[in-house]
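Peer 1: work_10.txt is the file, holding compact mmCIF, C-alpha atoms:
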```txt
# COMPACT_ATOMS: atom_id res chain seq x y z
CA MET A 10 -26.73 47.07 13.58
CA ALA A 11 -27.68 44.80 10.68
CA LYS A 12 -28.77 41.30 11.58
CA ARG A 13 -26.16 38.65 10.73
CA ARG A 14 -27.48 36.52 7.88
CA PRO A 15 -27.25 32.79 8.61
CA SER A 16 -25.51 30.32 6.32
CA GLY A 17 -27.96 28.86 3.82
CA ASP A 18 -29.92 32.12 3.46
CA GLY A 19 -30.44 32.99 -0.22
CA MET A 20 -31.99 35.37 -2.73
CA VAL A 21 -32.76 35.41 -6.48
CA ARG A 22 -32.91 38.05 -9.20
CA LYS A 23 -33.18 38.32 -12.96
CA ARG A 24 -30.12 39.84 -14.59
CA GLU A 25 -30.13 42.34 -17.45
CA ASP A 26 -28.84 39.65 -19.84
CA GLY A 27 -32.01 37.61 -19.19
CA ARG A 28 -30.41 34.93 -17.03
CA TRP A 29 -31.42 34.23 -13.45
CA GLU A 30 -28.92 34.60 -10.63
CA GLY A 31 -29.14 33.28 -7.12
CA ARG A 32 -26.84 33.59 -4.16
CA ILE A 33 -26.71 31.98 -0.78
CA VAL A 34 -24.72 32.74 2.34
CA VAL A 35 -22.07 30.08 2.93
CA GLY A 36 -20.02 31.76 5.66
CA HIS A 37 -18.72 35.03 6.99
CA LYS A 38 -15.57 37.12 6.79
CA GLU A 39 -13.63 38.12 9.88
CA ASP A 40 -15.50 41.45 9.95
CA GLY A 41 -18.85 39.65 9.86
CA ASP A 42 -19.75 40.37 6.24
CA PRO A 43 -21.36 37.40 4.48
CA ILE A 44 -19.59 35.17 1.98
CA PHE A 45 -21.83 34.32 -0.97
CA GLN A 46 -22.01 31.36 -3.31
CA TYR A 47 -23.47 32.38 -6.69
CA VAL A 48 -25.61 30.23 -9.00
CA LEU A 49 -26.70 31.00 -12.58
CA ALA A 50 -29.44 29.44 -14.73
CA SER A 51 -31.37 30.27 -17.91
CA THR A 52 -34.79 30.05 -16.22
CA GLN A 53 -36.16 30.79 -12.80
CA LYS A 54 -37.28 27.17 -12.37
CA ALA A 55 -33.83 25.82 -13.16
CA LEU A 56 -32.27 28.38 -10.83
CA LEU A 57 -34.53 27.45 -7.93
CA ALA A 58 -33.65 23.79 -8.38
CA LYS A 59 -29.91 24.57 -8.30
CA LEU A 60 -30.34 26.97 -5.43
CA HIS A 61 -32.28 24.44 -3.38
CA GLN A 62 -29.51 21.89 -3.89
CA ASN A 63 -26.86 24.40 -2.81
CA ILE A 64 -28.88 25.48 0.22
CA GLU A 65 -29.00 21.87 1.40
CA THR A 66 -25.25 21.55 0.83
CA PHE A 67 -24.30 24.70 2.74
CA ARG A 68 -26.94 24.60 5.49
CA TYR A 69 -25.33 24.62 8.96
CA VAL A 70 -21.91 25.17 7.31
CA GLU A 71 -19.79 28.17 8.22
CA LEU A 72 -17.05 28.60 5.64
CA CYS A 73 -14.16 31.03 5.95
CA GLU A 74 -12.71 33.44 3.38
CA ASP A 75 -10.21 30.78 2.29
CA SER A 76 -13.05 28.94 0.57
CA ARG A 77 -12.38 31.17 -2.43
CA MET A 78 -8.81 29.92 -2.87
CA THR A 79 -8.03 27.59 -5.75
CA LEU A 80 -7.24 23.91 -5.37
CA ALA A 81 -3.63 24.61 -6.36
CA GLN A 82 -3.31 27.19 -3.58
CA TRP A 83 -4.86 24.84 -1.02
CA LEU A 84 -2.62 21.92 -1.99
CA ASP A 85 0.49 24.08 -1.55
CA ARG A 86 -0.72 25.22 1.85
CA TRP A 87 -1.85 21.73 2.86
CA LEU A 88 1.51 20.17 1.98
CA ASP A 89 3.47 22.83 3.90
CA GLU A 90 1.24 23.29 6.94
CA TYR A 91 -0.61 20.00 7.38
CA ALA A 92 1.04 17.05 5.63
CA ALA A 93 4.59 18.07 6.58
CA LEU A 94 3.71 17.62 10.25
CA ARG A 95 2.77 13.95 9.97
CA LEU A 96 4.30 12.43 6.81
CA ARG A 97 7.75 11.15 6.01
CA GLU A 98 9.95 13.17 3.69
CA SER A 99 9.78 10.43 1.05
CA THR A 100 5.98 10.43 1.19
CA MET A 101 5.95 14.22 1.00
CA SER A 102 8.12 14.08 -2.11
CA GLY A 103 5.66 11.71 -3.76
CA TYR A 104 2.67 13.86 -2.78
CA ARG A 105 4.26 16.99 -4.22
CA MET A 106 4.88 15.14 -7.46
CA TYR A 107 1.23 13.98 -7.59
CA ALA A 108 0.06 17.56 -7.06
CA GLU A 109 2.34 19.13 -9.68
CA GLN A 110 2.12 16.48 -12.40
CA TYR A 111 -1.42 15.16 -12.12
CA ILE A 112 -3.82 17.32 -10.09
CA LYS A 113 -2.88 20.96 -10.69
CA PRO A 114 -2.80 20.74 -14.51
CA ARG A 115 -6.41 19.49 -14.47
CA LEU A 116 -8.17 21.10 -11.50
CA GLY A 117 -5.61 23.47 -10.01
CA ASN A 118 -7.29 26.69 -11.16
CA LYS A 119 -10.75 25.74 -9.89
CA LYS A 120 -11.98 27.35 -6.66
CA MET A 121 -12.26 25.01 -3.71
CA ASN A 122 -15.93 25.74 -3.05
CA SER A 123 -16.88 24.90 -6.65
CA ILE A 124 -15.14 21.51 -7.01
CA THR A 125 -17.66 18.67 -7.32
CA PRO A 126 -17.35 14.88 -7.07
CA ALA A 127 -18.04 14.75 -10.81
CA ASP A 128 -15.00 16.98 -11.46
CA ILE A 129 -12.72 14.64 -9.54
CA GLN A 130 -14.26 11.49 -11.03
CA ARG A 131 -13.60 12.84 -14.53
CA MET A 132 -10.02 13.61 -13.54
CA TYR A 133 -9.46 10.05 -12.29
CA THR A 134 -10.93 8.60 -15.48
CA LYS A 135 -8.73 10.80 -17.66
CA LEU A 136 -5.64 10.00 -15.58
CA LYS A 137 -6.27 6.28 -15.93
CA LYS A 138 -6.61 6.54 -19.72
CA GLU A 139 -3.91 9.08 -20.56
CA GLY A 140 -2.32 10.44 -17.40
CA ARG A 141 1.23 9.15 -17.83
CA VAL A 142 3.67 12.03 -18.30
CA ARG A 143 6.09 10.05 -20.47
CA GLU A 144 4.79 7.43 -22.84
CA HIS A 145 5.49 3.84 -21.80
CA PRO A 146 6.57 1.32 -24.47
CA VAL A 147 3.91 -1.15 -23.30
CA HIS A 148 1.23 0.87 -21.50
CA GLY A 149 1.42 4.02 -23.62
CA ARG A 150 -0.07 7.03 -21.81
CA ALA A 151 -2.26 4.96 -19.49
CA LEU A 152 -1.51 5.49 -15.81
CA SER A 153 -1.47 2.46 -13.53
CA SER A 154 -4.44 1.80 -11.28
CA GLY A 155 -2.13 1.86 -8.27
CA THR A 156 -0.91 5.37 -9.06
CA VAL A 157 -4.47 6.66 -9.53
CA ARG A 158 -5.45 5.14 -6.18
CA ARG A 159 -2.47 6.77 -4.45
CA ILE A 160 -3.39 10.12 -5.97
CA HIS A 161 -6.89 9.61 -4.56
CA THR A 162 -5.48 8.83 -1.11
CA MET A 163 -3.52 12.08 -1.12
CA LEU A 164 -6.40 14.21 -2.45
CA HIS A 165 -8.86 12.63 -0.01
CA ARG A 166 -6.61 13.60 2.91
CA ALA A 167 -6.21 17.15 1.61
CA MET A 168 -9.95 17.60 1.15
CA ALA A 169 -10.74 16.11 4.56
CA ASP A 170 -8.48 18.72 6.15
CA ALA A 171 -10.18 21.40 4.04
CA VAL A 172 -13.53 20.39 5.55
CA ARG A 173 -12.10 20.63 9.06
CA ALA A 174 -10.64 24.05 8.19
CA HIS A 175 -14.11 25.30 7.05
CA ILE A 176 -12.90 25.80 3.49
CA ILE A 177 -15.39 23.40 1.88
CA PRO A 178 -18.67 21.99 3.23
CA ARG A 179 -18.23 18.37 2.13
CA ASN A 180 -15.38 16.18 0.95
CA PRO A 181 -15.89 15.78 -2.84
CA THR A 182 -13.67 12.67 -2.97
CA GLU A 183 -16.13 10.60 -0.92
CA GLY A 184 -17.91 7.75 -2.70
CA LEU A 185 -16.02 7.93 -5.99
CA THR A 186 -15.34 4.94 -8.22
CA LEU A 187 -11.66 4.00 -8.30
CA PRO A 188 -9.92 1.69 -10.78
CA ARG A 189 -9.50 -1.88 -9.62
CA ALA A 190 -6.31 -2.29 -7.61
CA ASP A 191 -3.40 -3.87 -9.48
CA SER A 192 -2.59 -7.28 -8.00
CA PRO A 193 0.57 -8.51 -9.71
CA ALA A 194 1.78 -11.93 -8.65
CA LYS A 195 4.41 -11.64 -5.95
CA ARG A 196 7.76 -13.00 -7.04
CA VAL A 197 9.40 -15.29 -4.50
CA LEU A 198 12.50 -17.44 -4.74
CA THR A 199 11.89 -21.07 -5.65
CA ASP A 200 13.61 -23.90 -3.77
CA ARG A 201 16.34 -24.13 -6.39
CA GLU A 202 16.85 -20.37 -6.51
CA LEU A 203 16.92 -20.05 -2.74
CA ASN A 204 19.50 -22.81 -2.40
CA LYS A 205 21.68 -21.20 -5.05
CA PHE A 206 21.29 -17.76 -3.48
CA MET A 207 22.34 -19.14 -0.08
CA GLU A 208 25.44 -20.65 -1.67
CA VAL A 209 26.34 -17.30 -3.22
CA ILE A 210 25.94 -15.23 -0.04
CA LYS A 211 28.08 -17.72 1.90
CA ALA A 212 31.01 -16.53 -0.18
CA ASP A 213 30.33 -12.87 0.68
CA PRO A 214 31.74 -12.10 4.16
CA ILE A 215 30.36 -8.54 4.15
CA TRP A 216 26.75 -9.24 3.14
CA HIS A 217 26.14 -12.83 4.26
CA ASP A 218 24.83 -11.97 7.73
CA PHE A 219 22.63 -9.20 6.36
CA PHE A 220 20.83 -11.34 3.79
CA TYR A 221 20.65 -14.42 6.03
CA THR A 222 18.93 -12.30 8.67
CA GLU A 223 16.57 -10.86 6.06
CA LEU A 224 15.56 -14.27 4.73
CA THR A 225 14.83 -15.57 8.23
CA THR A 226 12.91 -12.54 9.54
CA GLY A 227 11.21 -10.91 6.54
CA LEU A 228 12.02 -7.38 7.74
CA ARG A 229 11.30 -4.39 5.53
CA ARG A 230 14.41 -2.94 3.89
CA GLY A 231 14.39 0.21 6.03
CA GLU A 232 13.83 -1.86 9.17
CA ILE A 233 16.81 -4.17 8.74
CA CYS A 234 19.10 -1.31 7.71
CA GLY A 235 18.03 0.63 10.83
CA LEU A 236 18.77 -2.16 13.33
CA GLN A 237 21.03 -1.24 16.26
CA TRP A 238 22.66 -3.51 18.80
CA GLN A 239 20.41 -2.10 21.50
CA ASN A 240 17.54 -3.80 19.62
CA PHE A 241 19.10 -7.26 19.98
CA ASP A 242 18.63 -9.28 23.17
CA ALA A 243 21.36 -11.91 22.91
CA GLY A 244 20.13 -13.82 25.96
CA ALA A 245 16.51 -14.09 24.82
CA GLY A 246 17.35 -14.29 21.12
CA THR A 247 14.91 -11.51 20.18
CA LEU A 248 14.91 -8.39 18.01
CA GLN A 249 13.01 -5.21 18.86
CA ILE A 250 11.84 -3.45 15.70
CA ASN A 251 11.08 0.19 16.44
CA ARG A 252 12.56 2.31 13.65
CA THR A 253 13.07 2.46 9.91
CA LEU A 254 15.86 4.06 7.91
CA HIS A 255 15.19 6.06 4.76
CA ARG A 256 17.03 8.49 2.53
CA LYS A 257 16.42 12.23 2.86
CA ALA A 258 15.52 14.21 -0.25
CA ASN A 259 18.63 16.39 0.11
CA GLY A 260 20.96 13.47 0.76
CA GLY A 261 21.91 11.51 3.86
CA PHE A 262 19.66 9.31 5.97
CA GLU A 263 17.26 9.65 8.83
CA THR A 264 15.45 7.23 11.08
CA GLY A 265 11.73 7.43 11.55
CA GLU A 266 8.68 5.58 12.78
CA THR A 267 7.87 2.14 11.41
CA LYS A 268 5.41 1.94 8.52
CA THR A 269 2.44 1.12 10.78
CA GLY A 270 1.69 1.19 14.49
CA ARG A 271 1.94 -2.59 14.54
CA GLY A 272 5.34 -2.22 12.90
CA LYS A 273 6.81 -1.68 16.36
CA ARG A 274 7.23 -5.24 17.51
CA LYS A 275 9.49 -7.79 19.20
CA ILE A 276 10.24 -10.97 17.26
CA LEU A 277 11.76 -14.22 18.45
CA LEU A 278 14.61 -15.13 16.13
CA PRO A 279 15.28 -18.62 14.76
CA GLY A 280 18.11 -20.26 16.68
CA SER A 281 20.52 -20.05 13.73
CA THR A 282 19.87 -16.33 13.28
CA ALA A 283 20.22 -15.58 16.97
CA ASN A 284 23.56 -17.45 17.07
CA LEU A 285 24.73 -15.62 13.96
CA LEU A 286 24.05 -12.23 15.57
CA ARG A 287 25.67 -13.29 18.86
CA GLU A 288 28.88 -14.12 16.98
CA ARG A 289 28.62 -10.96 14.91
CA GLN A 290 28.25 -8.81 18.02
CA LYS A 291 31.72 -9.92 19.14
CA THR A 292 33.39 -8.46 16.05
CA ILE A 293 31.23 -5.51 14.95
CA PRO A 294 31.76 -2.37 17.06
CA GLY A 295 29.55 0.70 17.04
CA LYS A 296 25.78 0.95 17.38
CA TRP A 297 24.64 -0.45 14.01
CA ILE A 298 24.15 -4.19 13.56
CA PHE A 299 24.82 -3.79 9.84
CA PRO A 300 27.12 -0.77 9.45
CA ASN A 301 28.39 0.72 6.23
CA PRO A 302 31.54 -1.34 5.40
CA PHE A 303 33.44 1.85 4.49
CA LYS A 304 31.96 4.18 7.13
CA PRO A 305 31.20 2.03 10.20
CA GLU A 306 29.69 4.96 12.05
CA GLN A 307 26.86 4.95 9.49
CA PRO A 308 24.30 2.24 8.73
CA ILE A 309 24.13 0.32 5.48
CA SER A 310 22.26 2.33 2.88
CA PRO A 311 18.92 0.79 1.78
CA ASP A 312 19.91 1.66 -1.79
CA ALA A 313 23.26 -0.10 -1.40
CA ALA A 314 21.46 -3.17 -0.01
CA TYR A 315 19.26 -3.33 -3.11
CA ARG A 316 22.20 -2.88 -5.48
CA ARG A 317 24.09 -5.69 -3.74
CA LEU A 318 21.00 -7.92 -3.87
CA LYS A 319 20.79 -7.50 -7.65
CA ALA A 320 24.47 -8.39 -8.02
CA LEU A 321 24.12 -11.50 -5.83
CA LEU A 322 21.00 -12.64 -7.68
CA CYS A 323 22.91 -12.30 -10.94
CA GLU A 324 25.75 -14.42 -9.52
CA ALA A 325 23.16 -17.02 -8.56
CA GLY A 326 21.92 -17.14 -12.14
CA ILE A 327 18.62 -15.40 -11.33
CA THR A 328 18.26 -12.86 -14.11
CA GLU A 329 14.64 -11.89 -13.42
CA ASN A 330 14.25 -8.57 -11.64
CA ILE A 331 13.31 -9.29 -8.01
CA PRO A 332 12.80 -6.30 -5.68
CA PHE A 333 14.19 -6.30 -2.16
CA HIS A 334 10.65 -6.86 -0.91
CA GLY A 335 10.81 -10.19 -2.77
CA LEU A 336 12.97 -11.55 0.08
CA ARG A 337 10.23 -10.54 2.55
CA HIS A 338 7.68 -12.26 0.33
CA THR A 339 9.88 -15.35 0.19
CA PHE A 340 10.09 -15.51 3.98
CA ALA A 341 6.33 -15.02 4.44
CA THR A 342 5.36 -17.54 1.76
CA ARG A 343 7.61 -20.23 3.16
CA ALA A 344 6.51 -19.54 6.70
CA LEU A 345 2.89 -20.16 5.69
CA ALA A 346 3.87 -23.23 3.66
CA SER A 347 5.67 -24.60 6.71
CA GLY A 348 2.50 -24.38 8.78
CA MET A 349 2.92 -21.07 10.60
CA ASP A 350 -0.50 -19.59 11.38
CA ALA A 351 -1.43 -16.26 9.84
CA LYS A 352 -1.78 -14.43 13.17
CA THR A 353 1.75 -15.32 14.25
CA LEU A 354 3.17 -14.40 10.85
CA SER A 355 1.23 -11.12 10.90
CA GLY A 356 2.93 -10.20 14.18
CA ILE A 357 6.38 -11.05 12.84
CA LEU A 358 5.85 -9.01 9.68
CA GLY A 359 4.31 -6.06 11.50
CA HIS A 360 1.05 -6.16 9.56
CA THR A 361 -2.07 -4.47 10.88
CA ASP A 362 -3.96 -7.77 11.20
CA ALA A 363 -3.95 -11.41 10.10
CA ALA A 364 -6.57 -10.77 7.40
CA PHE A 365 -4.18 -8.42 5.60
CA THR A 366 -1.46 -11.08 5.77
CA LEU A 367 -3.72 -13.73 4.25
CA ASN A 368 -4.92 -11.36 1.51
CA THR A 369 -1.33 -10.41 0.69
CA TYR A 370 -0.01 -13.96 0.50
CA THR A 371 -2.81 -15.83 -1.24
CA HIS A 372 -0.42 -16.86 -4.03
CA VAL A 373 1.37 -20.19 -4.13
CA THR A 374 4.64 -21.10 -5.80
CA GLY A 375 5.18 -23.97 -8.20
CA ASP A 376 7.08 -25.79 -5.46
CA MET A 377 4.14 -25.39 -3.06
CA GLN A 378 1.72 -26.62 -5.73
CA ARG A 379 3.79 -29.76 -6.25
CA GLN A 380 3.95 -30.36 -2.50
CA ALA A 381 0.18 -29.90 -2.21
CA SER A 382 -0.37 -32.24 -5.15
CA ALA A 383 1.78 -34.90 -3.50
CA ILE A 384 -0.14 -34.53 -0.23
CA VAL A 385 -3.48 -34.91 -2.01
CA GLY A 386 -2.13 -37.88 -3.99
CA ASP A 387 -0.97 -39.63 -0.81
CA PHE A 388 -4.30 -38.87 0.87
CA MET A 389 -6.30 -40.36 -2.03
CA GLU A 390 -3.99 -43.35 -2.18
CA ASP A 391 -4.61 -44.01 1.51
CA ILE A 392 -8.37 -44.04 0.85
CA PHE A 393 -8.56 -46.01 -2.39
CA GLY A 394 -5.33 -47.99 -2.41
CA LYS A 395 -2.70 -47.98 -5.14
CA GLU A 396 -4.62 -50.42 -7.34
CA LEU A 397 -7.72 -48.20 -7.37
CA LYS A 398 -6.46 -45.02 -9.04
CA PRO A 399 -8.32 -45.15 -12.36
CA TRP A 400 -7.34 -41.54 -13.20
CA GLU A 401 -3.77 -42.81 -13.69
CA ASN A 402 -4.80 -45.68 -15.99
CA ALA A 403 -3.82 -44.45 -19.45
CA GLU A 404 -4.85 -47.68 -21.17
CA ASN A 405 -8.60 -47.20 -20.79
CA GLY A 406 -8.37 -43.74 -22.33
CA GLY A 407 -10.17 -42.05 -19.50
CA ARG A 408 -11.69 -42.38 -16.08
CA LYS A 409 -12.94 -45.85 -15.17
CA ARG A 410 -15.07 -46.66 -12.15
CA PRO A 411 -13.49 -49.38 -9.97
CA PRO A 412 -15.46 -52.52 -9.13
CA GLU A 413 -17.66 -52.10 -6.10
CA LYS A 414 -16.05 -55.02 -4.33
CA GLY A 415 -12.85 -53.07 -3.94
CA TRP A 416 -14.32 -49.90 -2.41
CA PRO A 417 -13.15 -49.39 1.15
CA LEU A 418 -15.26 -48.41 4.10
CA GLY A 419 -18.45 -50.10 2.83
CA GLY A 420 -18.26 -48.98 -0.84
CA PRO A 421 -20.42 -46.36 -2.53
CA GLY A 422 -23.62 -47.89 -1.23
CA GLY A 423 -22.30 -48.67 2.23
CA SER A 424 -21.98 -46.54 5.34
CA GLY A 425 -18.41 -45.40 4.92
CA LEU A 426 -18.32 -42.90 2.03
CA ARG A 427 -21.02 -40.25 1.61
```
Take the structure I supplied and represent it as structure tokens, if you would.
Peer 2:
Amino acid sequence: MAKRRPSGDGMVRKREDGRWEGRIVVGHKEDGDPIFQYVLASTQKALLAKLHQNIETFRYVELCEDSRMTLAQWLDRWLDEYAALRLRESTMSGYRMYAEQYIKPRLGNKKMNSITPADIQRMYTKLKKEGRVREHPVHGRALSSGTVRRIHTMLHRAMADAVRAHIIPRNPTEGLTLPRADSPAKRVLTDRELNKFMEVIKADPIWHDFFYTELTTGLRRGEICGLQWQNFDAGAGTLQINRTLHRKANGGFETGETKTGRGKRKILLPGSTANLLRERQKTIPGKWIFPNPFKPEQPISPDAAYRRLKALLCEAGITENIPFHGLRHTFATRALASGMDAKTLSGILGHTDAAFTLNTYTHVTGDMQRQASAIVGDFMEDIFGKELKPWENAENGGRKRPPEKGWPLGGPGGSGLR
């Protein structure tokens, strides 16, 4: 019986066309026959260098016959057999689109065991420059950084599973350079806009409770649409968030897990919101807190909620496009501006940690800037006094140092100010 050749074992030969060929064992078939990885070079020295690099890559690796499949074949299998077990239908739909529109046309025909980090890096660069399927009037063919990063997230997961399945020895998406993440300013309602919006929803008996609850809790759209009366503790005034509602690809809705593990949470409602839901519970039958007005046995559709939001914003004179998530941003921004600490807010929003909350809401609104300016102005006035604010003296054409006699707390040379 022939001795089984270990992975990493190799040999070289000179071909009839003058080139040098090397091969190394990278795994074995089910019958025990070796699976080879072939390398070609114009000289023996160049071949040995390539072969040595490959031997280091495949040493102690035992690949299976599937290592010869193409990336397109693996992505189809991965989506059906791996991703489908742990991802939402909406996420699956997005991943299939990434595979068909962006990855397969560029690397789909390449064998899994021959894909390199350089191949994927070039693909990302090309996608960023000209990856958009339909030309955009502003951005042209350039694909957004966010889309490229999401494609990377999907491909990284697929390749990580390929490593675990002994299809490739290393994950070629590790350590790549990704485009800088897009960080567009988050649009929140100003004081004037919020007051006007509240006036408008007061006149809407169907949607008032829904949007009032949203503005005072900051729930995700799928979370508020998926609320059931069993989640509301009228006595304690709390809401238990443990599901999200989203549309199925073939129509209809389904409930699923919250976006993150921390998304499952219990929040203490403001008194006004708790009272609103207590009164609502007396008149709204069924299991849904916010049922479909025309089909009470069903919940409000997340899409219908967004359409109604746009209509109400228009009634309020707010013509700028504000996504539903803008109400969540409005709640979070005002909670921080009111003095709520980031850890508490993180728990209410269902974020993974307080650092993520702070990074997400580092922006400030014009209203908050004016409030901060007033606070600083009052603080400086308390220190220097109203008569010692030279930066407000327009007559001297610039900053003027006050006389030392007027400096409080010992003056510049005294013991008070350092």
Peer 1: One decimal, in Å: what's the spacing between CA of Met132 (chain A) and CA of Pro114 (chain A)?
Peer 2: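 Taking CA of Met132 (chain A) and CA of Pro114 (chain A), their separation equals 10.2 Å.
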Peer 1: Between CA of Asn180 (chain A) and CA of Leu94 (chain A), measure the distance and give it in Å to one decimal.
Peer 2: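 CA of Leu94 (chain A) lies 21.3 Å from CA of Asn180 (chain A).
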Peer 1: Which residue is closest to Leu187 (chain A)? Choose from A:His145, A:His217, A:Lys137, A:Lys257 and count all atoms listed in the file.
Peer 2: A:Lys137
Peer 1: Region 135-180 of chain A near region 120-124 of chain A within 12 Å: what's each residue's closest atom pair and its distance in Å to one decimal, counting all atoms listed in the file, ordered by chain then ascending residue number, as JSON lines?
Peer 2:
```
{"residue": "A:Ala167", "atom": "CA", "partner": "A:Met121", "partner_atom": "CA", "distance": 11.3}
{"residue": "A:Met168", "atom": "CA", "partner": "A:Met121", "partner_atom": "CA", "distance": 9.2}
{"residue": "A:Ala171", "atom": "CA", "partner": "A:Met121", "partner_atom": "CA", "distance": 8.8}
{"residue": "A:Val172", "atom": "CA", "partner": "A:Asn122", "partner_atom": "CA", "distance": 10.4}
{"residue": "A:His175", "atom": "CA", "partner": "A:Asn122", "partner_atom": "CA", "distance": 10.3}
{"residue": "A:Ile176", "atom": "CA", "partner": "A:Asn122", "partner_atom": "CA", "distance": 7.2}
{"residue": "A:Ile177", "atom": "CA", "partner": "A:Asn122", "partner_atom": "CA", "distance": 5.5}
{"residue": "A:Pro178", "atom": "CA", "partner": "A:Asn122", "partner_atom": "CA", "distance": 7.8}
{"residue": "A:Arg179", "atom": "CA", "partner": "A:Asn122", "partner_atom": "CA", "distance": 9.3}
{"residue": "A:Asn180", "atom": "CA", "partner": "A:Ile124", "partner_atom": "CA", "distance": 9.6}
```
Peer 1: Pick the closest to Asp128 (chain A) from A:Leu185, A:Thr226, A:Arg141, A:Glu90: which is it, counting only C-alpha atoms?
Peer 2: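 Ranking A:Leu185, A:Thr226, A:Arg141, A:Glu90 by distance to Asp128 (chain A), first place goes to A:Leu185.
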Peer 1: If you measure from CA of Val21 (chain A) to CA of Leu57 (chain A), what distance in Å do you get, rounded to one decimal?
Peer 2: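 Calculated distance between CA of Val21 (chain A) and CA of Leu57 (chain A) is 8.3 Å.
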